[in-house]
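Data file: model_12.cif. Format and content: mmCIF, C-alpha atoms and all ligand atoms.
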```cif
data_entry
loop_
_atom_site.label_atom_id
_atom_site.label_comp_id
_atom_site.auth_asym_id
_atom_site.auth_seq_id
_atom_site.Cartn_x
_atom_site.Cartn_y
_atom_site.Cartn_z
CA MET A 1311 35.14 3.56 7.63
CA ARG A 1312 36.32 0.50 5.69
CA HIS A 1313 35.67 -2.94 7.09
CA ASN A 1314 37.35 -6.18 6.22
CA ARG A 1315 34.95 -9.04 5.44
CA THR A 1316 34.78 -10.18 9.06
CA GLY A 1317 34.12 -6.62 10.16
CA ILE A 1318 31.24 -6.23 7.72
CA MET A 1319 29.64 -9.46 8.89
CA ALA A 1320 30.02 -8.38 12.50
CA THR A 1321 28.24 -5.11 11.68
CA ILE A 1322 25.30 -6.73 9.92
CA ASP A 1323 25.04 -9.42 12.59
CA ASN A 1324 25.00 -6.78 15.30
CA ILE A 1325 22.31 -4.75 13.59
CA LEU A 1326 20.11 -7.73 12.79
CA ALA A 1327 20.34 -8.91 16.40
CA LYS A 1328 18.89 -5.64 17.73
CA ASN A 1329 15.31 -5.14 18.91
CA GLU A 1330 15.23 -1.48 17.88
CA PHE A 1331 16.98 0.10 14.91
CA THR A 1332 18.48 3.57 14.94
CA LYS A 1333 18.25 5.72 11.84
CA GLU A 1334 21.90 4.87 11.11
CA ASP A 1335 21.12 1.14 11.36
CA ILE A 1336 18.29 1.52 8.86
CA ILE A 1337 20.47 3.46 6.44
CA TYR A 1338 23.07 0.70 6.73
CA LEU A 1339 20.44 -1.95 5.98
CA LEU A 1340 19.10 0.03 3.03
CA SER A 1341 22.64 0.12 1.63
CA THR A 1342 23.29 -3.62 1.87
CA GLN A 1343 24.28 -5.59 -1.20
CA GLY A 1344 25.11 -9.22 -1.98
CA GLU A 1345 25.50 -11.48 1.02
CA GLU A 1346 24.50 -8.82 3.53
CA LYS A 1347 21.30 -8.10 1.64
CA ASN A 1348 20.54 -11.83 1.57
CA MET A 1349 21.02 -11.97 5.34
CA LEU A 1350 18.51 -9.14 5.75
CA PHE A 1351 15.98 -10.86 3.48
CA GLU A 1352 16.42 -14.24 5.21
CA LYS A 1353 15.97 -12.75 8.64
CA SER A 1354 12.83 -10.91 7.56
CA ALA A 1355 11.36 -14.05 5.95
CA ALA A 1356 11.99 -15.97 9.17
CA VAL A 1357 10.42 -13.25 11.33
CA LYS A 1358 7.43 -13.09 9.03
CA SER A 1359 6.93 -16.84 9.14
CA ALA A 1360 7.17 -16.86 12.95
CA THR A 1361 4.74 -13.96 13.48
CA VAL A 1362 2.16 -13.69 10.68
CA GLY A 1363 2.75 -17.15 9.16
CA ASN A 1364 2.72 -18.16 5.52
CA LYS A 1365 -0.87 -17.31 4.64
CA VAL A 1366 -1.56 -14.60 2.11
CA TYR A 1367 -4.82 -12.69 2.51
CA TYR A 1368 -6.73 -11.12 -0.35
CA ARG A 1369 -8.34 -7.71 -0.55
CA GLY A 1370 -10.36 -7.76 -3.78
CA LEU A 1371 -9.67 -4.30 -5.17
CA ILE A 1372 -12.51 -2.22 -6.62
CA GLU A 1373 -11.33 1.01 -8.20
CA LEU A 1374 -14.55 2.92 -7.79
CA SER A 1375 -13.68 6.06 -9.74
CA ASN A 1376 -10.62 7.77 -11.17
CA ALA A 1377 -12.10 11.24 -10.66
CA CYS A 1378 -9.99 13.15 -8.16
CA ALA A 1379 -10.14 16.66 -6.75
CA LYS A 1380 -6.42 16.64 -6.00
CA ASP A 1381 -3.39 17.28 -8.11
CA CYS A 1382 -0.46 15.31 -6.66
CA LEU A 1383 2.50 15.94 -8.93
CA TYR A 1384 3.40 12.24 -9.39
CA CYS A 1385 -0.07 10.82 -10.05
CA GLY A 1386 -1.46 9.79 -13.42
CA ILE A 1387 -5.07 10.52 -12.46
CA ARG A 1388 -4.43 13.97 -10.95
CA LYS A 1389 -7.21 16.37 -11.80
CA SER A 1390 -5.08 18.40 -14.25
CA ASN A 1391 -4.35 15.40 -16.45
CA ALA A 1392 -6.82 16.04 -19.26
CA LYS A 1393 -5.66 12.91 -21.13
CA VAL A 1394 -7.38 10.57 -18.69
CA GLU A 1395 -10.83 9.32 -19.52
CA ARG A 1396 -12.71 9.66 -16.25
CA TYR A 1397 -15.10 6.96 -15.09
CA ASN A 1398 -17.33 6.27 -12.14
CA LEU A 1399 -18.50 2.70 -11.61
CA SER A 1400 -22.21 2.23 -11.19
CA ASP A 1401 -23.45 0.90 -7.87
CA SER A 1402 -24.52 -2.30 -9.59
CA ASP A 1403 -20.97 -2.78 -10.96
CA VAL A 1404 -19.56 -2.34 -7.44
CA LEU A 1405 -22.05 -4.77 -5.96
CA ALA A 1406 -21.38 -7.31 -8.73
CA ALA A 1407 -17.65 -7.11 -7.98
CA ALA A 1408 -18.39 -7.56 -4.27
CA GLN A 1409 -20.57 -10.58 -5.10
CA PHE A 1410 -17.65 -12.03 -7.11
CA ALA A 1411 -15.33 -11.56 -4.12
CA TYR A 1412 -17.86 -13.15 -1.80
CA GLU A 1413 -18.52 -16.15 -4.03
CA ASN A 1414 -14.81 -16.69 -4.57
CA ARG A 1415 -14.10 -16.45 -0.82
CA TYR A 1416 -11.69 -13.54 -1.10
CA GLY A 1417 -12.39 -12.69 2.55
CA SER A 1418 -12.12 -8.92 2.11
CA LEU A 1419 -12.63 -6.09 -0.32
CA ALA A 1420 -10.71 -2.87 -0.76
CA ILE A 1421 -12.59 0.06 -2.26
CA GLN A 1422 -10.37 2.78 -3.65
CA SER A 1423 -11.11 6.01 -5.43
CA GLY A 1424 -9.67 9.39 -6.29
CA GLU A 1425 -10.34 11.85 -3.48
CA LEU A 1426 -13.86 13.28 -3.58
CA LYS A 1427 -15.54 15.16 -0.77
CA SER A 1428 -19.25 15.80 -0.95
CA PRO A 1429 -22.36 14.85 0.97
CA ALA A 1430 -23.52 12.82 -2.04
CA PHE A 1431 -20.23 10.86 -2.17
CA ARG A 1432 -20.38 10.27 1.57
CA ARG A 1433 -23.95 8.93 1.32
CA ARG A 1434 -23.11 6.80 -1.67
CA ILE A 1435 -20.22 5.09 0.12
CA THR A 1436 -22.29 4.56 3.26
CA ASN A 1437 -25.03 2.90 1.21
CA LEU A 1438 -22.56 0.74 -0.71
CA LEU A 1439 -20.87 -0.40 2.51
CA LYS A 1440 -24.22 -1.41 4.00
CA GLN A 1441 -25.25 -3.26 0.84
CA ILE A 1442 -21.94 -5.13 0.65
CA LYS A 1443 -22.27 -6.18 4.27
CA GLU A 1444 -25.79 -7.37 3.54
CA LEU A 1445 -25.04 -9.32 0.36
CA SER A 1446 -22.11 -11.07 2.04
CA LYS A 1447 -24.03 -11.71 5.28
CA GLY A 1448 -21.36 -9.76 7.10
CA GLU A 1449 -18.64 -12.11 5.87
CA LEU A 1450 -16.64 -9.76 3.64
CA GLY A 1451 -14.20 -7.54 5.51
CA ILE A 1452 -13.92 -4.06 3.99
CA THR A 1453 -10.90 -1.81 3.59
CA ILE A 1454 -11.50 1.63 2.14
CA SER A 1455 -9.03 4.07 0.67
CA LEU A 1456 -10.92 7.26 -0.11
CA GLY A 1457 -8.49 9.96 0.87
CA GLU A 1458 -8.78 12.78 3.36
CA GLN A 1459 -12.25 13.26 4.83
CA ASP A 1460 -13.67 14.86 7.97
CA GLU A 1461 -14.14 12.94 11.20
CA GLU A 1462 -17.93 12.58 10.81
CA THR A 1463 -17.48 10.97 7.40
CA TYR A 1464 -14.84 8.54 8.65
CA GLN A 1465 -17.09 7.66 11.58
CA GLU A 1466 -20.15 7.16 9.36
CA TRP A 1467 -18.26 4.79 7.07
CA PHE A 1468 -16.84 2.90 10.06
CA ASP A 1469 -20.36 2.50 11.47
CA ALA A 1470 -21.58 1.32 8.05
CA GLY A 1471 -19.10 -1.57 8.04
CA ALA A 1472 -15.64 -0.45 6.87
CA HIS A 1473 -13.05 -1.50 9.42
CA ARG A 1474 -9.74 -0.77 7.71
CA TYR A 1475 -8.58 2.48 6.11
CA LEU A 1476 -5.57 3.05 3.88
CA LEU A 1477 -4.18 6.57 3.69
CA ARG A 1478 -0.65 6.66 2.39
CA ILE A 1479 1.46 9.51 3.64
CA GLU A 1480 3.58 8.89 0.49
CA VAL A 1481 6.55 10.67 2.05
CA SER A 1482 6.92 11.49 5.73
CA ASN A 1483 9.35 14.38 5.40
CA PRO A 1484 7.15 17.54 5.30
CA ALA A 1485 9.65 19.45 3.14
CA LEU A 1486 9.69 16.66 0.55
CA TYR A 1487 5.92 16.29 0.78
CA HIS A 1488 5.60 19.86 -0.39
CA ARG A 1489 7.88 19.18 -3.36
CA TYR A 1490 5.58 16.43 -4.61
CA HIS A 1491 2.29 18.21 -3.97
CA PRO A 1492 0.82 21.57 -4.95
CA ALA A 1493 0.84 24.30 -2.30
CA ASP A 1494 -2.79 23.76 -1.28
CA HIS A 1495 -2.20 20.10 -0.28
CA SER A 1496 -1.58 20.01 3.46
CA TYR A 1497 0.82 17.56 5.09
CA GLU A 1498 -0.57 18.42 8.51
CA GLU A 1499 -4.11 17.62 7.44
CA ARG A 1500 -3.04 14.22 6.17
CA LEU A 1501 -1.31 13.50 9.45
CA GLN A 1502 -4.39 14.61 11.34
CA CYS A 1503 -6.55 12.25 9.27
CA LEU A 1504 -4.34 9.31 10.23
CA LYS A 1505 -4.75 10.22 13.90
CA ILE A 1506 -8.54 10.49 13.59
CA LEU A 1507 -8.73 7.10 11.85
CA HIS A 1508 -6.78 5.59 14.75
CA LYS A 1509 -9.07 7.24 17.28
CA ILE A 1510 -12.23 5.95 15.61
CA GLY A 1511 -10.93 2.39 15.77
CA TYR A 1512 -10.05 1.57 12.18
CA GLN A 1513 -7.15 -0.69 11.37
CA VAL A 1514 -5.01 2.05 9.92
CA GLY A 1515 -2.74 1.63 6.94
CA THR A 1516 -0.24 4.01 5.46
CA GLY A 1517 2.69 3.76 3.11
CA VAL A 1518 5.24 5.54 0.99
CA MET A 1519 6.69 5.58 -2.50
CA VAL A 1520 10.24 4.39 -2.82
CA GLY A 1521 12.73 5.89 -5.23
CA LEU A 1522 11.23 9.33 -5.81
CA PRO A 1523 13.46 12.06 -7.20
CA PHE A 1524 15.24 14.05 -4.44
CA GLN A 1525 14.58 11.25 -1.89
CA THR A 1526 17.61 9.98 0.05
CA LEU A 1527 18.21 6.82 2.06
CA ALA A 1528 17.97 9.01 5.18
CA ASP A 1529 14.47 10.07 4.06
CA LEU A 1530 13.47 6.44 3.60
CA ALA A 1531 14.85 5.58 7.05
CA ASP A 1532 12.72 8.40 8.45
CA ASP A 1533 9.69 6.98 6.63
CA LEU A 1534 10.12 3.66 8.41
CA LEU A 1535 10.61 5.36 11.78
CA PHE A 1536 7.48 7.42 11.06
CA MET A 1537 5.39 4.30 10.48
CA LYS A 1538 6.65 2.81 13.72
CA ALA A 1539 5.98 6.03 15.65
CA MET A 1540 2.46 6.23 14.17
CA ASP A 1541 1.90 2.63 15.30
CA VAL A 1542 0.13 1.76 12.05
CA HIS A 1543 -1.41 -1.68 11.55
CA MET A 1544 -0.94 -2.08 7.81
CA VAL A 1545 1.52 -0.78 5.25
CA GLY A 1546 1.62 -0.56 1.49
CA MET A 1547 4.92 0.49 -0.05
CA GLY A 1548 5.69 0.45 -3.71
CA PRO A 1549 8.43 1.67 -6.01
CA TYR A 1550 7.78 5.05 -7.57
CA VAL A 1551 6.96 4.41 -11.22
CA GLU A 1552 7.01 7.59 -13.26
CA HIS A 1553 4.03 8.62 -15.40
CA LYS A 1554 4.75 10.73 -18.46
CA ASP A 1555 1.66 12.93 -18.09
CA THR A 1556 2.68 14.28 -14.68
CA PRO A 1557 4.88 17.23 -13.63
CA LEU A 1558 7.31 14.99 -11.72
CA TYR A 1559 8.24 13.26 -14.98
CA GLU A 1560 10.46 16.25 -15.69
CA PHE A 1561 12.89 14.96 -13.04
CA ARG A 1562 13.14 11.41 -14.42
CA SER A 1563 16.84 11.81 -15.19
CA GLN A 1564 17.46 11.92 -11.43
CA LEU A 1565 15.79 8.58 -10.79
CA LEU A 1566 17.50 5.35 -9.89
CA PRO A 1567 17.07 2.64 -12.53
CA GLN A 1568 13.71 0.89 -12.00
CA GLU A 1569 15.38 -2.35 -10.86
CA GLU A 1570 17.17 -0.46 -8.10
CA ARG A 1571 13.93 1.17 -7.00
CA PHE A 1572 12.44 -2.30 -6.89
CA THR A 1573 15.25 -3.73 -4.76
CA LEU A 1574 15.11 -0.72 -2.47
CA THR A 1575 11.40 -1.39 -1.96
CA LEU A 1576 12.13 -5.00 -1.01
CA LYS A 1577 14.65 -3.72 1.52
CA MET A 1578 12.06 -1.29 2.94
CA ILE A 1579 9.59 -4.17 3.33
CA THR A 1580 12.11 -6.42 5.03
CA ILE A 1581 13.42 -3.76 7.41
CA LEU A 1582 9.88 -2.81 8.40
CA ARG A 1583 9.02 -6.46 8.96
CA LEU A 1584 11.86 -6.56 11.48
CA MET A 1585 10.76 -3.29 13.08
CA MET A 1586 7.03 -4.15 13.19
CA PRO A 1587 6.83 -7.96 12.96
CA ASP A 1588 3.06 -8.38 13.32
CA ILE A 1589 1.71 -5.78 10.86
CA ASN A 1590 0.06 -6.58 7.54
CA MET A 1591 2.06 -5.57 4.49
CA VAL A 1592 0.90 -5.47 0.90
CA ALA A 1593 2.84 -6.89 -2.00
CA ALA A 1594 1.98 -3.87 -4.14
CA THR A 1595 0.91 -4.19 -7.75
CA ALA A 1596 3.53 -1.56 -8.59
CA MET A 1597 6.17 -4.23 -7.75
CA GLN A 1598 4.87 -6.27 -10.67
CA ALA A 1599 4.94 -3.23 -12.94
CA ILE A 1600 8.75 -3.38 -12.69
CA ASP A 1601 9.40 -7.11 -12.27
CA PRO A 1602 6.97 -9.76 -13.57
CA LEU A 1603 7.62 -11.75 -10.38
CA GLY A 1604 7.67 -8.64 -8.21
CA ARG A 1605 4.79 -9.46 -5.91
CA GLU A 1606 6.01 -13.03 -5.33
CA LYS A 1607 9.41 -11.66 -4.36
CA ALA A 1608 7.76 -9.28 -1.90
CA LEU A 1609 5.70 -12.12 -0.40
CA LYS A 1610 8.78 -14.28 0.01
CA VAL A 1611 10.70 -11.75 2.05
CA GLY A 1612 8.07 -10.00 4.12
CA ALA A 1613 4.68 -9.04 2.62
CA ASN A 1614 1.50 -11.01 3.39
CA ILE A 1615 -1.37 -9.23 1.60
CA LEU A 1616 -2.38 -9.18 -2.07
CA MET A 1617 -4.93 -6.92 -3.67
CA PRO A 1618 -6.30 -8.73 -6.74
CA ASN A 1619 -8.01 -6.26 -9.00
CA ILE A 1620 -11.70 -7.09 -9.39
CA THR A 1621 -12.68 -3.78 -10.98
CA PRO A 1622 -14.76 -4.49 -14.11
CA GLY A 1623 -12.16 -4.96 -16.86
CA GLN A 1624 -13.23 -2.14 -19.16
CA HIS A 1625 -12.20 0.48 -16.59
CA ARG A 1626 -8.91 -0.94 -15.35
CA ASP A 1627 -6.87 0.78 -17.97
CA ASP A 1628 -8.23 4.14 -16.85
CA TYR A 1629 -7.06 3.85 -13.23
CA LYS A 1630 -3.39 4.39 -13.90
CA LEU A 1631 -1.57 6.17 -11.12
CA TYR A 1632 1.61 4.98 -12.84
CA GLU A 1633 2.51 3.35 -16.16
CA ASN A 1634 3.03 -0.36 -17.05
CA LYS A 1635 0.25 -1.30 -14.65
CA PRO A 1636 -0.12 -5.10 -15.04
CA CYS A 1637 -3.23 -7.22 -15.62
CA THR A 1638 -5.35 -4.27 -16.76
CA ASP A 1639 -6.95 -6.32 -19.50
CA ASP A 1640 -7.55 -9.56 -17.59
CA ALA A 1641 -10.95 -10.72 -16.42
CA ALA A 1642 -11.19 -11.06 -12.64
CA GLU A 1643 -11.46 -14.84 -12.94
CA ASP A 1644 -8.15 -15.02 -14.83
CA CYS A 1645 -6.55 -12.95 -12.14
CA LYS A 1646 -7.84 -15.32 -9.50
CA ASN A 1647 -6.29 -18.40 -11.10
CA CYS A 1648 -3.06 -16.68 -11.99
CA LEU A 1649 -2.69 -15.22 -8.52
CA GLU A 1650 -3.28 -18.47 -6.68
CA ALA A 1651 -0.56 -20.13 -8.73
CA ARG A 1652 1.75 -17.22 -7.96
CA VAL A 1653 1.07 -17.50 -4.24
CA HIS A 1654 1.87 -21.20 -4.32
CA ILE A 1655 5.07 -20.57 -6.24
CA ALA A 1656 6.11 -18.22 -3.46
CA GLY A 1657 5.58 -21.14 -1.01
CA HIS A 1658 2.46 -19.65 0.57
CA GLU A 1659 -1.22 -20.48 0.99
CA VAL A 1660 -4.21 -18.26 0.27
CA GLY A 1661 -6.32 -17.54 3.36
CA TYR A 1662 -9.60 -18.02 1.49
CA GLY A 1663 -12.66 -16.81 3.33
CA GLU A 1664 -10.59 -15.20 6.10
CA TRP A 1665 -10.32 -11.54 6.95
CA GLY A 1666 -6.65 -11.83 7.83
CA ASP A 1667 -6.81 -8.79 10.07
CA SER A 1668 -3.60 -7.15 11.20
CA LYS A 1669 -2.17 -9.05 14.16
CA HIS A 1670 -0.63 -5.82 15.29
CA PHE A 1671 -4.13 -4.38 15.60
CA LEU A 1672 -5.51 -7.46 17.34
CA ASN A 1673 -2.53 -7.70 19.70
CA GLY A 1674 -2.96 -4.01 20.56
CA LYS A 1675 -6.54 -4.64 21.63
CA LYS A 1676 -5.68 -7.43 24.06
CA PRO A 1677 -5.99 -6.41 27.71
S1 LIG A 1701 -2.42 10.37 -5.47
FE1 LIG A 1701 -4.56 10.11 -4.84
S2 LIG A 1701 -5.18 12.15 -4.13
FE2 LIG A 1701 -3.32 12.46 -5.34
S3 LIG A 1701 -4.04 12.91 -7.39
FE3 LIG A 1701 -3.71 10.69 -7.30
S4 LIG A 1701 -5.67 9.79 -6.75
FE4 LIG A 1701 -5.78 11.99 -6.30
#
```

Step by step, read the file and then write its structure as structure tokens.
Ligand code: SF4
Amino acid sequence: MRHNRTGIMATIDNILAKNEFTKEDIIYLLSTQGEEKNMLFEKSAAVKSATVGNKVYYRGLIELSNACAKDCLYCGIRKSNAKVERYNLSDSDVLAAAQFAYENRYGSLAIQSGELKSPAFRRRITNLLKQIKELSKGELGITISLGEQDEETYQEWFDAGAHRYLLRIEVSNPALYHRYHPADHSYEERLQCLKILHKIGYQVGTGVMVGLPFQTLADLADDLLFMKAMDVHMVGMGPYVEHKDTPLYEFRSQLLPQEERFTLTLKMITILRLMMPDINMVAATAMQAIDPLGREKALKVGANILMPNITPGQHRDDYKLYENKPCTDDAAEDCKNCLEARVHIAGHEVGYGEWGDSKHFLNGKKP
């Protein structure tokens, strides 16, 4: 149906005035351009400011190891990529990074690794969590992102001090999930893990990649409805950035230009901010891989979390899930200064020394 200008404005006004979006509404919003897109971004920025405020919270990111037992078809550190030099940080490196975060009042850490399942890995993480809690006198909040594990492991890590868990579904459509993963990767198991994390009491984060080959706007709308239905507390969404040493690279001719993937990601962030006003949302580093001001743009319109990389510099180049990853050769201190300036440019403040927990989680716990 064609609209005249007044008709278009009436449509966008009507959608933005709603409390709940239908799938068709979301597809409409994902398709907006020009003035309509600006209206979406402005509304999201206003909702963000009114609900989570203008503070940006840090999760100092420690990329523990790039060894992974899985083989996701889009990922640069998949186990079949023999070109990657594998590393595993020492415990003392991890603790030194945690000490840096504590001394610089980052408030929280995020520990991320390729997916490894073993009793030794489980014990190692438990010990590290306890030591980080001890060295920071309980002051550092801890997010972990260590893939699919069994319930006992999740519970042990929760009891040891981790209170947030990120497990991105990457794509919520099971048929598409199977196109991006080998046959032995189970969508159902991933879903089950998210449910267990909820049950244990973690603040649960998930997220998706935006702009994958074969993905439609209807799929992206379903992703947002999935996050709402799962009642997640935190979300990390980033544009899909292709990596040449992965099987999915073969389909690069089907991709949108990177700038369009970037804008689509901003739209996903803003629409989700309207759908779930009080969640935490990351301005993903992958945004900056496409646009030098990518994270600032995400903060302006709807995101409120940054994950400054505090992994010891010599290993940052080896943790490449995608290419053009920024800041891989900066020292953590440089990143700190550069990030604070970026946050200020975006008109925000850094919540130094604060956990900045998801309000959606805290509101859900109120009697
Ligand atoms: S996306 Fe995660 S689980 Fe999959 S191969 Fe990469 S690091 Fe491993």

Q) Using only C-alpha atoms and all ligand atoms, which protein or nucleic acid residues are at most 7 Å from ligand LIG 1701 (chain A), as a list in words? A)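 Residues satisfying the distance criterion: Asn1376, Cys1378, Ala1379, Lys1380, Asp1381, Cys1382, Cys1385, Gly1386, Ile1387, Arg1388, Lys1389, Ser1423, Gly1424, Glu1425, Gly1457 and Leu1631 of chain A.
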
Q. Using all atoms listed in the file, which residue out of A:Tyr1497, A:Tyr1338, A:Tyr1490, A:Tyr1512 lies closest to Pro1557 of chain A?
A.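 Among the listed residues, A:Tyr1490 lies closest to Pro1557 of chain A.
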
Q. Using all atoms listed in the file, which residue out of A:Pro1484, A:Pro1602, A:Pro1567, A:Gly1370 lies closest to Tyr1662 of chain A?
A. A:Gly1370

Q) Neighbours of Ile1615 of chain A within 10 Å (all atoms listed in the file; same-chain residues fewer than 2 positions away dropped), as a ChimeraX atom specification? A) /A:1365-1369,1544-1546,1590-1594,1605,1608-1609,1612-1613,1617-1618,1660-1661,1666

**Q.** Long-range neighbours of Ile1600 of chain A as a PyMOL selection string, 7 Å cut-off, only C-alpha atoms, 6 positions minimum in chain
**A.** chain A and resi 1568-1569+1572

Q: Provide the atom CA of Glu1499 of chain A to atom CA of Ile1454 of chain A distance in Å, to one decimal place.
A: 18.4 Å

Q: Please provide as a ChimeraX atom specification all residues within 10 Å of Lys1607 of chain A, with the sequence filter that same-chain residues fewer than 3 positions apart are discarded (counting all atoms listed in the file).
A: /A:1573,1576,1593,1597-1598,1601-1604,1610-1613,1656

Q. In Å, how far is it from atom CA of Ala1355 of chain A to atom CA of Thr1580 of chain A?
A.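 Calculated distance between atom CA of Ala1355 of chain A and atom CA of Thr1580 of chain A is 7.7 Å.
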
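Within 7 Å of Gly1471 of chain A, once only C-alpha atoms are used and residues closer than 2 positions along the same chain are dropped, the contacting residues are Leu1439, Lys1440, Lys1443, Trp1467, Phe1468, Asp1469 and His1473 of chain A.
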
Export of the given selection (C-alpha atoms) as a PDB file, keeping the file's coordinate frame:
```
ATOM      1  CA  LEU A1439     -20.870  -0.400   2.510  1.00  0.00           C
ATOM      2  CA  LYS A1440     -24.220  -1.410   4.000  1.00  0.00           C
ATOM      3  CA  LYS A1443     -22.270  -6.180   4.270  1.00  0.00           C
ATOM      4  CA  TRP A1467     -18.260   4.790   7.070  1.00  0.00           C
ATOM      5  CA  PHE A1468     -16.840   2.900  10.060  1.00  0.00           C
ATOM      6  CA  ASP A1469     -20.360   2.500  11.470  1.00  0.00           C
ATOM      7  CA  HIS A1473     -13.050  -1.500   9.420  1.00  0.00           C
TER       8      HIS A1473
END
```

Q) Looking at all atoms listed in the file, which of A:Glu1552, A:Asn1614, A:Leu1374, A:Arg1489 is the one that sits closest to Leu1438 of chain A? A)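 Checking each of A:Glu1552, A:Asn1614, A:Leu1374, A:Arg1489 against Leu1438 of chain A, counting all atoms listed in the file, the winner is A:Leu1374.
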
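The space separating atom CA of Gly1511 of chain A from atom CA of Lys1669 of chain A comes to 14.5 Å.
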
**Q.** Residue list as a PyMOL selection string for point (-4.4, 5.4, 10.8), cut-off 10 Å, only C-alpha atoms
**A.** chain A and resi 1474-1478+1501-1516+1537+1540-1544

Q.
Considering all atoms listed in the file, can you say which of A:Met1349, A:Leu1340, A:Met1585, A:Ala1485 comes closest to Asp1323 of chain A?
A. A:Met1349

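The nearest approach to Ala1470 of chain A among the residues A:Asn1673, A:Thr1332, A:Gln1441, A:Ser1496, with all atoms listed in the file taken into account, belongs to A:Gln1441.
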
**Q.** Counting all atoms listed in the file, the residue of A:Leu1672, A:Ala1430, A:Ala1493, A:Ile1325 that sits nearest Glu1346 of chain A
**A.**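 Selected residue with least distance to Glu1346 of chain A: A:Ile1325.
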
Could you pull the residues within 9 Å of Glu1373 of chain A, counting all atoms listed in the file, minus those fewer than 3 positions along the same chain, as a short mmCIF file (atom, residue, chain, number, x, y, z; two decimals) with C-alpha atoms, keeping the file's coordinate frame?
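result.cif written:
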```cif
data_model
loop_
_atom_site.label_atom_id
_atom_site.label_comp_id
_atom_site.auth_asym_id
_atom_site.auth_seq_id
_atom_site.Cartn_x
_atom_site.Cartn_y
_atom_site.Cartn_z
CA ASN A 1376 -10.62 7.77 -11.17
CA ASN A 1398 -17.33 6.27 -12.14
CA LEU A 1399 -18.50 2.70 -11.61
CA VAL A 1404 -19.56 -2.34 -7.44
CA ALA A 1420 -10.71 -2.87 -0.76
CA ILE A 1421 -12.59 0.06 -2.26
CA GLN A 1422 -10.37 2.78 -3.65
CA SER A 1423 -11.11 6.01 -5.43
CA GLY A 1424 -9.67 9.39 -6.29
CA ASN A 1619 -8.01 -6.26 -9.00
CA ILE A 1620 -11.70 -7.09 -9.39
CA THR A 1621 -12.68 -3.78 -10.98
CA PRO A 1622 -14.76 -4.49 -14.11
CA HIS A 1625 -12.20 0.48 -16.59
CA ARG A 1626 -8.91 -0.94 -15.35
CA TYR A 1629 -7.06 3.85 -13.23
#
```
